[in-house]
>>> print(open('model-v3.cif').read())   # mmCIF, C-alpha atoms and all ligand atoms
data_upload
#
loop_
_atom_site.label_atom_id
_atom_site.label_comp_id
_atom_site.auth_asym_id
_atom_site.auth_seq_id
_atom_site.Cartn_x
_atom_site.Cartn_y
_atom_site.Cartn_z
CA MET E 94 79.21 246.44 115.03
CA GLY E 95 79.12 243.95 112.16
CA HIS E 96 80.33 240.54 113.18
CA GLY E 97 78.32 238.57 110.67
CA ASN E 98 81.30 236.73 109.16
CA VAL E 99 81.52 233.63 111.26
CA ALA E 100 84.25 231.27 110.13
CA SER E 101 82.79 227.84 109.46
CA ARG E 102 83.51 225.10 111.94
CA LYS E 103 85.52 222.46 110.08
CA GLU E 104 87.15 219.54 111.77
CA GLY E 105 90.73 220.29 112.72
CA GLU E 106 90.42 223.99 111.94
CA PHE E 107 90.18 224.97 115.59
CA SER E 108 91.05 223.19 118.80
CA MET E 109 87.65 222.41 120.25
CA ARG E 110 88.00 223.66 123.80
CA LEU E 111 84.25 223.82 124.43
CA GLN E 112 83.01 220.78 122.55
CA GLN E 113 79.53 219.67 123.65
CA LYS E 114 79.35 222.50 126.18
CA THR E 115 76.27 224.69 126.24
CA VAL E 116 77.00 228.33 126.92
CA VAL E 117 74.49 231.08 127.73
CA ILE E 118 75.75 234.53 126.75
CA THR E 119 73.74 237.45 128.10
CA GLY E 120 74.21 240.53 125.95
CA GLY E 121 75.38 238.17 123.19
CA ALA E 122 73.63 240.07 120.40
CA ASN E 123 76.25 242.83 120.10
CA GLY E 124 79.76 243.91 121.00
CA ILE E 125 81.92 241.71 123.19
CA GLY E 126 79.17 239.11 123.69
CA ALA E 127 78.59 238.67 119.94
CA VAL E 128 82.30 238.19 119.22
CA THR E 129 82.48 235.73 122.11
CA ALA E 130 79.60 233.75 120.59
CA THR E 131 81.58 233.45 117.36
CA ILE E 132 84.76 232.30 119.09
CA PHE E 133 82.98 229.91 121.46
CA GLY E 134 81.06 228.47 118.49
CA GLN E 135 84.37 227.86 116.71
CA HIS E 136 85.44 225.90 119.79
CA GLY E 137 82.45 223.59 119.49
CA ALA E 138 80.02 225.16 121.99
CA ASN E 139 76.25 225.28 121.66
CA ILE E 140 75.27 228.92 122.07
CA ALA E 141 72.22 230.49 123.71
CA ILE E 142 72.12 234.23 123.04
CA ALA E 143 70.07 235.93 125.79
CA ASP E 144 69.50 239.57 124.96
CA PHE E 145 66.72 242.10 124.62
CA ASP E 146 67.91 243.25 121.18
CA GLU E 147 65.80 240.82 119.15
CA LYS E 148 66.90 241.99 115.71
CA ALA E 149 70.64 241.76 116.36
CA GLY E 150 70.19 238.57 118.40
CA GLU E 151 68.30 236.76 115.64
CA ALA E 152 70.86 237.92 113.05
CA LYS E 153 73.69 236.68 115.24
CA VAL E 154 72.05 233.28 115.61
CA GLN E 155 71.56 233.00 111.85
CA ALA E 156 75.27 233.74 111.30
CA LEU E 157 76.23 231.12 113.89
CA GLN E 158 73.91 228.53 112.36
CA ALA E 159 75.36 229.26 108.92
CA ALA E 160 78.71 228.22 110.41
CA ASP E 161 77.21 224.95 111.73
CA VAL E 162 76.93 226.12 115.32
CA ASN E 163 73.93 224.90 117.33
CA ALA E 164 72.58 228.30 118.45
CA ALA E 165 69.31 229.89 119.53
CA PHE E 166 68.10 233.33 120.56
CA PHE E 167 66.14 234.03 123.74
CA LYS E 168 64.66 237.47 124.25
CA VAL E 169 65.09 238.66 127.82
CA ASP E 170 65.51 241.74 129.95
CA VAL E 171 67.99 240.50 132.54
CA SER E 172 66.80 243.09 135.07
CA LYS E 173 63.38 241.37 135.27
CA ASN E 174 63.43 238.32 137.49
CA ASP E 175 60.34 236.65 135.98
CA ASP E 176 61.65 237.20 132.44
CA VAL E 177 64.94 235.60 133.39
CA LYS E 178 63.28 232.55 135.01
CA GLU E 179 61.24 232.01 131.86
CA MET E 180 64.34 232.40 129.65
CA ALA E 181 66.28 229.89 131.79
CA SER E 182 63.55 227.28 131.52
CA GLN E 183 63.39 227.77 127.74
CA VAL E 184 67.18 227.42 127.41
CA LEU E 185 67.20 224.25 129.52
CA ALA E 186 64.27 222.82 127.52
CA LYS E 187 66.09 223.49 124.24
CA PHE E 188 69.62 222.37 125.15
CA GLY E 189 69.00 220.00 128.08
CA LYS E 190 71.79 221.49 130.21
CA VAL E 191 73.92 224.57 130.69
CA ASP E 192 77.66 224.30 131.33
CA VAL E 193 78.71 227.95 131.22
CA LEU E 194 76.77 231.10 132.10
CA LEU E 195 78.43 234.25 130.83
CA ASN E 196 76.87 237.27 132.56
CA ASN E 197 78.01 239.83 129.99
CA ALA E 198 74.96 242.11 129.44
CA GLY E 199 75.51 245.66 130.64
CA ILE E 200 74.63 249.32 130.08
CA THR E 201 75.96 252.77 130.94
CA LYS E 202 74.12 255.98 131.86
CA ASP E 203 77.09 258.24 132.52
CA ALA E 204 76.85 261.63 134.25
CA MET E 205 78.83 263.55 136.84
CA THR E 206 77.41 262.54 140.23
CA LEU E 207 75.74 265.88 140.99
CA LYS E 208 73.94 265.73 137.64
CA MET E 209 73.03 262.03 137.75
CA LYS E 210 69.29 261.33 137.73
CA PRO E 211 68.24 258.90 140.47
CA GLU E 212 66.40 256.79 137.87
CA ASP E 213 69.61 256.50 135.84
CA PHE E 214 71.47 255.39 138.95
CA GLN E 215 68.80 252.76 139.60
CA GLN E 216 68.51 251.48 136.02
CA VAL E 217 72.22 250.76 135.75
CA ILE E 218 72.14 248.89 139.05
CA ASP E 219 69.04 246.96 137.94
CA VAL E 220 70.57 245.76 134.66
CA ASN E 221 74.24 245.36 135.55
CA LEU E 222 74.04 244.11 139.13
CA THR E 223 70.54 242.72 139.74
CA GLY E 224 70.64 241.23 136.22
CA VAL E 225 73.71 239.18 137.14
CA PHE E 226 72.02 238.03 140.34
CA ASN E 227 68.83 237.09 138.44
CA CYS E 228 70.61 235.03 135.80
CA THR E 229 72.91 233.32 138.27
CA GLN E 230 70.02 232.35 140.53
CA ALA E 231 68.07 231.01 137.54
CA PHE E 232 70.86 228.76 136.19
CA LEU E 233 72.60 227.68 139.41
CA PRO E 234 70.14 224.92 140.40
CA SER E 235 70.78 222.99 137.17
CA MET E 236 74.56 223.41 137.56
CA VAL E 237 74.47 222.26 141.18
CA ALA E 238 72.29 219.27 140.19
CA GLN E 239 74.82 218.18 137.54
CA GLY E 240 77.71 218.81 139.96
CA LYS E 241 79.56 221.15 137.61
CA GLY E 242 79.32 224.51 135.95
CA ARG E 243 81.11 227.72 135.17
CA ILE E 244 79.86 231.23 135.81
CA ILE E 245 81.77 234.15 134.33
CA ASN E 246 80.75 237.69 135.27
CA THR E 247 81.73 240.87 133.49
CA SER E 248 83.07 243.56 135.78
CA SER E 249 85.09 246.54 134.53
CA ILE E 250 88.11 248.69 135.21
CA SER E 251 85.48 251.16 136.47
CA GLY E 252 84.49 248.62 139.12
CA THR E 253 88.06 247.98 140.29
CA GLY E 254 89.24 251.59 140.19
CA GLY E 255 86.20 253.91 139.82
CA ASN E 256 85.75 256.26 136.86
CA VAL E 257 84.72 259.90 136.47
CA GLY E 258 81.04 260.11 135.47
CA GLN E 259 80.24 256.49 136.35
CA ALA E 260 79.12 256.34 140.00
CA ASN E 261 76.19 254.09 139.03
CA TYR E 262 78.17 251.86 136.67
CA ALA E 263 81.24 251.63 138.94
CA ALA E 264 79.01 250.64 141.86
CA SER E 265 77.36 247.92 139.75
CA LYS E 266 80.68 246.58 138.50
CA ALA E 267 82.29 246.64 141.98
CA GLY E 268 79.19 244.85 143.29
CA ILE E 269 79.72 242.14 140.70
CA ILE E 270 83.15 241.46 142.20
CA GLY E 271 81.59 241.03 145.65
CA MET E 272 79.02 238.59 144.29
CA THR E 273 81.68 236.70 142.29
CA LYS E 274 83.82 236.13 145.36
CA THR E 275 80.80 235.17 147.47
CA TRP E 276 79.48 232.67 144.91
CA ALA E 277 82.96 231.16 144.49
CA LYS E 278 82.87 230.40 148.22
CA GLU E 279 79.25 229.21 148.23
CA PHE E 280 79.36 226.96 145.15
CA GLY E 281 82.96 225.76 144.76
CA ARG E 282 82.15 222.66 146.80
CA LYS E 283 79.22 221.97 144.46
CA GLY E 284 81.55 221.88 141.44
CA VAL E 285 80.58 225.31 140.16
CA THR E 286 83.35 227.89 139.74
CA VAL E 287 82.65 231.62 139.53
CA ASN E 288 85.09 234.20 138.17
CA ALA E 289 85.01 237.71 136.75
CA VAL E 290 86.73 239.48 133.90
CA ALA E 291 87.41 243.20 134.35
CA PRO E 292 87.88 244.70 130.88
CA GLY E 293 89.51 248.05 130.32
CA PHE E 294 88.36 250.27 127.45
CA ILE E 295 87.22 248.13 124.52
CA ALA E 296 86.17 249.36 121.06
CA THR E 297 82.40 248.66 121.03
CA GLU E 298 79.22 250.77 120.88
CA MET E 299 79.52 251.29 124.63
CA ILE E 300 82.44 253.69 124.44
CA LYS E 301 80.84 255.77 121.69
CA THR E 302 79.26 258.03 124.33
CA VAL E 303 82.70 259.07 125.57
CA PRO E 304 83.57 262.59 124.31
CA ASP E 305 86.64 262.67 122.03
CA HIS E 306 88.77 264.77 124.39
CA VAL E 307 88.04 262.35 127.25
CA LEU E 308 88.77 259.29 125.08
CA GLU E 309 92.14 260.76 124.06
CA ARG E 310 93.00 261.19 127.73
CA ILE E 311 91.90 257.63 128.48
CA VAL E 312 93.95 256.08 125.63
CA SER E 313 97.04 258.00 126.80
CA MET E 314 96.63 256.21 130.16
CA ILE E 315 96.67 252.72 128.59
CA SER E 316 100.24 251.34 128.55
CA VAL E 317 99.83 249.69 125.18
CA GLN E 318 98.44 253.04 123.91
CA LYS E 319 95.37 251.64 122.19
CA LEU E 320 91.85 250.49 122.92
CA GLY E 321 91.22 246.79 123.40
CA GLN E 322 89.19 244.77 120.89
CA PRO E 323 86.20 242.55 121.73
CA GLU E 324 88.38 239.50 120.87
CA ASP E 325 90.73 240.42 123.73
CA ILE E 326 87.89 239.93 126.19
CA ALA E 327 86.38 236.93 124.39
CA ASN E 328 89.70 235.11 124.71
CA ALA E 329 89.81 235.79 128.46
CA TYR E 330 86.25 234.43 128.74
CA LEU E 331 87.39 231.39 126.72
CA PHE E 332 90.19 230.64 129.16
CA LEU E 333 87.84 230.86 132.15
CA ALA E 334 85.25 228.68 130.39
CA SER E 335 87.79 226.01 129.39
CA ASP E 336 88.75 222.84 131.26
CA GLU E 337 92.22 224.32 131.79
CA ALA E 338 90.75 226.87 134.22
CA GLY E 339 89.19 224.26 136.52
CA PHE E 340 91.18 225.39 139.59
CA VAL E 341 90.59 229.11 139.02
CA ASN E 342 87.78 230.27 141.31
CA GLY E 343 86.78 233.65 142.75
CA THR E 344 89.31 235.60 140.72
CA VAL E 345 89.05 238.85 138.79
CA LEU E 346 91.02 238.74 135.54
CA GLU E 347 91.96 242.28 134.51
CA VAL E 348 92.23 242.67 130.71
CA ASP E 349 92.96 246.33 130.13
CA GLY E 350 96.29 246.75 128.34
CA GLY E 351 97.85 247.93 131.62
CA MET E 352 96.70 251.26 133.00
CA LEU E 353 99.30 253.93 133.81
CA LYS E 354 98.22 255.31 137.17
N1 LIG E 401 88.38 260.24 132.96
C1 LIG E 401 88.97 261.40 133.30
N2 LIG E 401 88.35 262.59 133.26
C2 LIG E 401 87.09 262.60 132.82
C3 LIG E 401 86.40 261.43 132.43
C4 LIG E 401 87.10 260.20 132.51
N3 LIG E 401 86.55 259.04 132.18
N4 LIG E 401 85.15 261.77 132.06
C5 LIG E 401 85.06 263.10 132.20
N5 LIG E 401 86.22 263.61 132.65
C6 LIG E 401 86.52 265.01 132.94
C7 LIG E 401 86.34 265.90 131.70
O1 LIG E 401 87.51 265.87 130.91
C8 LIG E 401 86.11 267.24 132.33
O2 LIG E 401 87.34 267.74 132.82
P1 LIG E 401 87.73 269.30 132.60
O3 LIG E 401 86.70 270.05 133.39
O4 LIG E 401 89.12 269.36 133.12
O5 LIG E 401 87.63 269.50 131.12
C9 LIG E 401 85.26 266.89 133.56
O6 LIG E 401 85.53 265.50 133.83
C10 LIG E 401 83.77 267.04 133.33
O7 LIG E 401 83.46 266.39 132.10
P2 LIG E 401 82.54 267.13 131.01
O8 LIG E 401 82.96 268.55 130.78
O9 LIG E 401 82.49 266.23 129.81
O10 LIG E 401 81.14 267.16 131.81
P3 LIG E 401 79.70 266.77 131.29
O11 LIG E 401 78.79 266.94 132.47
O12 LIG E 401 79.37 267.47 130.02
O13 LIG E 401 79.80 265.20 130.93
C11 LIG E 401 80.29 262.90 131.35
C12 LIG E 401 80.18 264.31 131.94
C13 LIG E 401 78.89 262.43 130.91
C14 LIG E 401 80.79 262.00 132.49
C15 LIG E 401 81.21 262.88 130.12
O14 LIG E 401 82.41 263.56 130.42
C16 LIG E 401 81.59 261.46 129.76
O15 LIG E 401 80.81 260.78 129.08
N6 LIG E 401 82.78 261.03 130.18
C17 LIG E 401 83.25 259.67 129.92
C18 LIG E 401 82.88 258.75 131.05
C19 LIG E 401 83.50 257.41 130.78
O16 LIG E 401 84.70 257.24 130.84
N7 LIG E 401 82.66 256.43 130.45
C20 LIG E 401 83.14 255.12 130.08
C21 LIG E 401 82.18 254.54 129.05
S1 LIG E 401 82.80 253.00 128.42
C22 LIG E 401 82.46 251.96 129.68
O17 LIG E 401 81.76 252.23 130.61
C23 LIG E 401 83.10 250.63 129.62
C24 LIG E 401 83.91 250.39 130.81
O18 LIG E 401 83.57 249.52 131.58
C25 LIG E 401 85.14 251.15 131.01
P1 LIG E 402 77.39 246.60 123.96
O1 LIG E 402 76.54 247.76 124.30
O2 LIG E 402 78.07 246.52 122.65
O3 LIG E 402 76.56 245.24 124.17
C1 LIG E 402 75.80 245.04 125.31
C2 LIG E 402 74.71 244.02 125.02
O4 LIG E 402 73.93 243.86 126.21
C3 LIG E 402 73.75 244.46 123.91
O5 LIG E 402 73.52 243.40 123.01
C4 LIG E 402 72.48 244.82 124.66
O6 LIG E 402 71.30 244.62 123.90
C5 LIG E 402 72.56 243.86 125.84
N1 LIG E 402 71.74 244.31 126.98
C6 LIG E 402 71.76 245.52 127.55
N2 LIG E 402 70.84 245.58 128.53
C7 LIG E 402 70.23 244.38 128.56
C8 LIG E 402 69.19 243.82 129.34
N3 LIG E 402 68.58 244.54 130.30
N4 LIG E 402 68.81 242.55 129.11
C9 LIG E 402 69.41 241.82 128.13
N5 LIG E 402 70.39 242.28 127.36
C10 LIG E 402 70.80 243.55 127.58
O7 LIG E 402 78.47 246.55 125.15
P2 LIG E 402 79.86 245.77 125.26
O8 LIG E 402 80.93 246.76 125.18
O9 LIG E 402 79.85 244.59 124.39
O10 LIG E 402 79.78 245.32 126.81
C11 LIG E 402 79.64 243.98 127.22
C12 LIG E 402 79.94 243.94 128.71
O11 LIG E 402 81.29 244.35 128.92
C13 LIG E 402 79.08 244.87 129.56
O12 LIG E 402 78.77 244.25 130.80
C14 LIG E 402 79.99 246.05 129.80
O13 LIG E 402 79.64 246.75 130.97
C15 LIG E 402 81.31 245.35 129.92
N6 LIG E 402 82.47 246.20 129.68
C16 LIG E 402 82.64 246.84 128.50
C17 LIG E 402 83.74 247.64 128.30
C18 LIG E 402 83.97 248.42 127.05
O14 LIG E 402 84.89 249.27 127.07
N7 LIG E 402 83.25 248.19 125.98
C19 LIG E 402 84.75 247.78 129.37
C20 LIG E 402 84.46 247.08 130.57
C21 LIG E 402 83.36 246.29 130.72
#
>>> encode(input="model-v3.cif", output="structure tokens")
Amino acid sequence: MGHGNVASRKEGEFSMRLQQKTVVITGGANGIGAVTATIFGQHGANIAIADFDEKAGEAKVQALQAADVNAAFFKVDVSKNDDVKEMASQVLAKFGKVDVLLNNAGITKDAMTLKMKPEDFQQVIDVNLTGVFNCTQAFLPSMVAQGKGRIINTSSISGTGGNVGQANYAASKAGIIGMTKTWAKEFGRKGVTVNAVAPGFIATEMIKTVPDHVLERIVSMISVQKLGQPEDIANAYLFLASDEAGFVNGTVLEVDGGMLK
């Protein structure tokens, strides 16, 4: 999706809710993550895009820089622990600190359970669940050392309620909720809060695999009768990243237009 038009950051144009904060956005090259990078940049954040899509990631960083945002791209496969450790040390070397980790990277490999290939089950768990663990473990020590930090994890309506054809994905996204609540308990006393956003169906590349007849059925189940936009999720991330959310910890913010079921 083309999100190249980043509004320039002029004084007074936006309230700077993330001024001088450094934010790592996994999966920030495309979709929800890319729109979040734009909005967070407008709020004064320094942005580290951590993604394995080098082409889109570099283009995103160029667009951010053109709008005076301090941004850099780091190529990483979040499912690979060594890759992630290397990425984290590069990000910390470049920016000196990380205030917010947004664990947003994710994939789908949908199939009805009886047709699902074991390797497709495993790959989705590796990226969506182990990837969140890897990134969190890599950035937590620096957050604990500075006595503050924010971690925001991306779950899904499929994780809170299950979804036909998504046993792998729903398991990964439900697992993220378990880790979110655990980390909130483990790290709250260290000044690090951990929350999740559970988006409903959002108009990005990810939903393009959904057959038309299924998508029609899904939209009819959304109370507001339309798909969400990436901005809807970016604004929920913004709230959780902001100073105003300092007492919010271990919660799952559902942003799905209200599902009728
Ligand atoms: N909700 C309700 N019913 C669904 C459904 C869904 N999400 N997905 C499939 N079904 C139904 C189909 O309508 C069909 O029902 P009927 O037999 O009554 O027609 C039945 O399940 C089997 O589906 P298919 O005939 O399409 O079977 P298939 O084996 O050819 O394909 C599938 C199965 C790959 C799961 C395909 O149906 C599909 O891609 N479904 C969409 C799955 C989905 O919702 N993915 C969400 C992607 S977006 C995302 O993941 C973001 C997020 O966090 C929400
Ligand atoms: P997208 O497919 O547009 O973007 C995902 C990004 O993650 C891409 O830039 C991709 O390169 C990156 N990525 C994938 N695997 C990676 C890996 N192993 N390492 C590093 N980067 C990787 O998807 P979208 O829609 O923007 O999704 C963002 C998050 O929101 C995902 O976690 C997704 O599961 C979640 N979500 C999306 C919903 C939707 O309807 N679009 C609904 C609910 C949750």
>>> closest_residue(input="model-v3.cif", among="E:Asn163, E:Pro292, E:Ala329, E:Leu353", to="E:Met314", atoms="all atoms listed in the file")
E:Leu353
>>> residues_near_ligand(input="model-v3.cif", ligand="ligand LIG 402 (chain E)", cutoff="8 Å", atoms="all atoms listed in the file", output="number ranges by chain")
E: 94, 119-127, 143-146, 149-150, 168-173, 196-201, 220-221, 224, 247-251, 262, 266, 291-300, 321, 323
>>> closest_residue(input="model-v3.cif", among="E:Thr302, E:Gln318, E:Gln230, E:Gln215", to="ligand LIG 401 (chain E)", atoms="all atoms listed in the file")
E:Thr302
>>> closest_residue(input="model-v3.cif", among="E:Gly252, E:Pro304, E:Gly240, E:Gly268", to="E:Phe280", atoms="only C-alpha atoms")
E:Gly240
>>> residues_around(input="model-v3.cif", residues="E:Leu233", least_positions_apart="5", cutoff="9 Å", atoms="only C-alpha atoms", output="ChimeraX atom specification")
/E:228,238,242,244,280,285
>>> write_last_selection(input="model-v3.cif", atoms="C-alpha atoms", output="mmCIF file, in the coordinates of the input")
data_model
loop_
_atom_site.group_PDB
_atom_site.id
_atom_site.type_symbol
_atom_site.label_atom_id
_atom_site.label_comp_id
_atom_site.auth_asym_id
_atom_site.auth_seq_id
_atom_site.Cartn_x
_atom_site.Cartn_y
_atom_site.Cartn_z
ATOM 1 C CA CYS E 228 70.610 235.030 135.800
ATOM 2 C CA ALA E 238 72.290 219.270 140.190
ATOM 3 C CA GLY E 242 79.320 224.510 135.950
ATOM 4 C CA ILE E 244 79.860 231.230 135.810
ATOM 5 C CA PHE E 280 79.360 226.960 145.150
ATOM 6 C CA VAL E 285 80.580 225.310 140.160
#
>>> closest_residue(input="model-v3.cif", among="E:Gln155, E:Ser316, E:Thr286, E:Asn261", to="ligand LIG 401 (chain E)", atoms="all atoms listed in the file")
E:Asn261
>>> residues_around(input="model-v3.cif", residues="E:Phe214", least_positions_apart="6", cutoff="10 Å", atoms="all atoms listed in the file", output="ChimeraX atom specification")
/E:201-204,206,259-262,264-265
>>> atom_distance(input="model-v3.cif", atom1="atom C10 of ligand LIG 401 (chain E)", atom2="atom CA of E:Ser313")
17.3 Å
>>> closest_residue(input="model-v3.cif", among="E:Leu207, E:Val191, E:Leu333, E:Ile245", to="ligand LIG 401 (chain E)", atoms="all atoms listed in the file")
E:Leu207
>>> closest_residue(input="model-v3.cif", among="E:Val312, E:Ile218, E:Met180, E:Ala159", to="E:Ala231", atoms="only C-alpha atoms")
E:Met180
>>> residues_near_point(input="model-v3.cif", point="(80.2, 216.0, 121.4)", cutoff="12 Å", atoms="all atoms listed in the file", output="number ranges by chain")
E: 109-115, 136-139, 163
>>> atom_distance(input="model-v3.cif", atom1="atom O12 of ligand LIG 401 (chain E)", atom2="atom CA of E:Pro211")
17.5 Å
>>> residues_around(input="model-v3.cif", residues="E:Asn342", least_positions_apart="2", cutoff="6 Å", atoms="only C-alpha atoms", output="list of chain:residue names")
E:Ala277, E:Thr286, E:Val287, E:Asn288, E:Thr344
>>> atom_distance(input="model-v3.cif", atom1="atom CA of E:Val341", atom2="atom CA of E:Gly271")
16.3 Å
>>> axis_aligned_box(input="model-v3.cif", around="stretch 325-339 of chain E", padding_each_side="8 Å", output="lines of an AutoDock Vina configuration file")
center_x = 88.7
center_y = 231.6
center_z = 130.1
size_x = 23.0
size_y = 33.6
size_z = 28.8
>>> residues_around(input="model-v3.cif", residues="E:Ala164", least_positions_apart="4", cutoff="9 Å", atoms="all atoms listed in the file", output="list in words")
Gly134, Ala138, Asn139, Ile140, Ala141, Ile142, Val154, Gln155, Leu157 and Gln158 of chain E
>>> residues_around(input="model-v3.cif", residues="E:Val317", least_positions_apart="6", cutoff="9 Å", atoms="only C-alpha atoms", output="list in words")
Gly350, Gly351 and Met352 of chain E
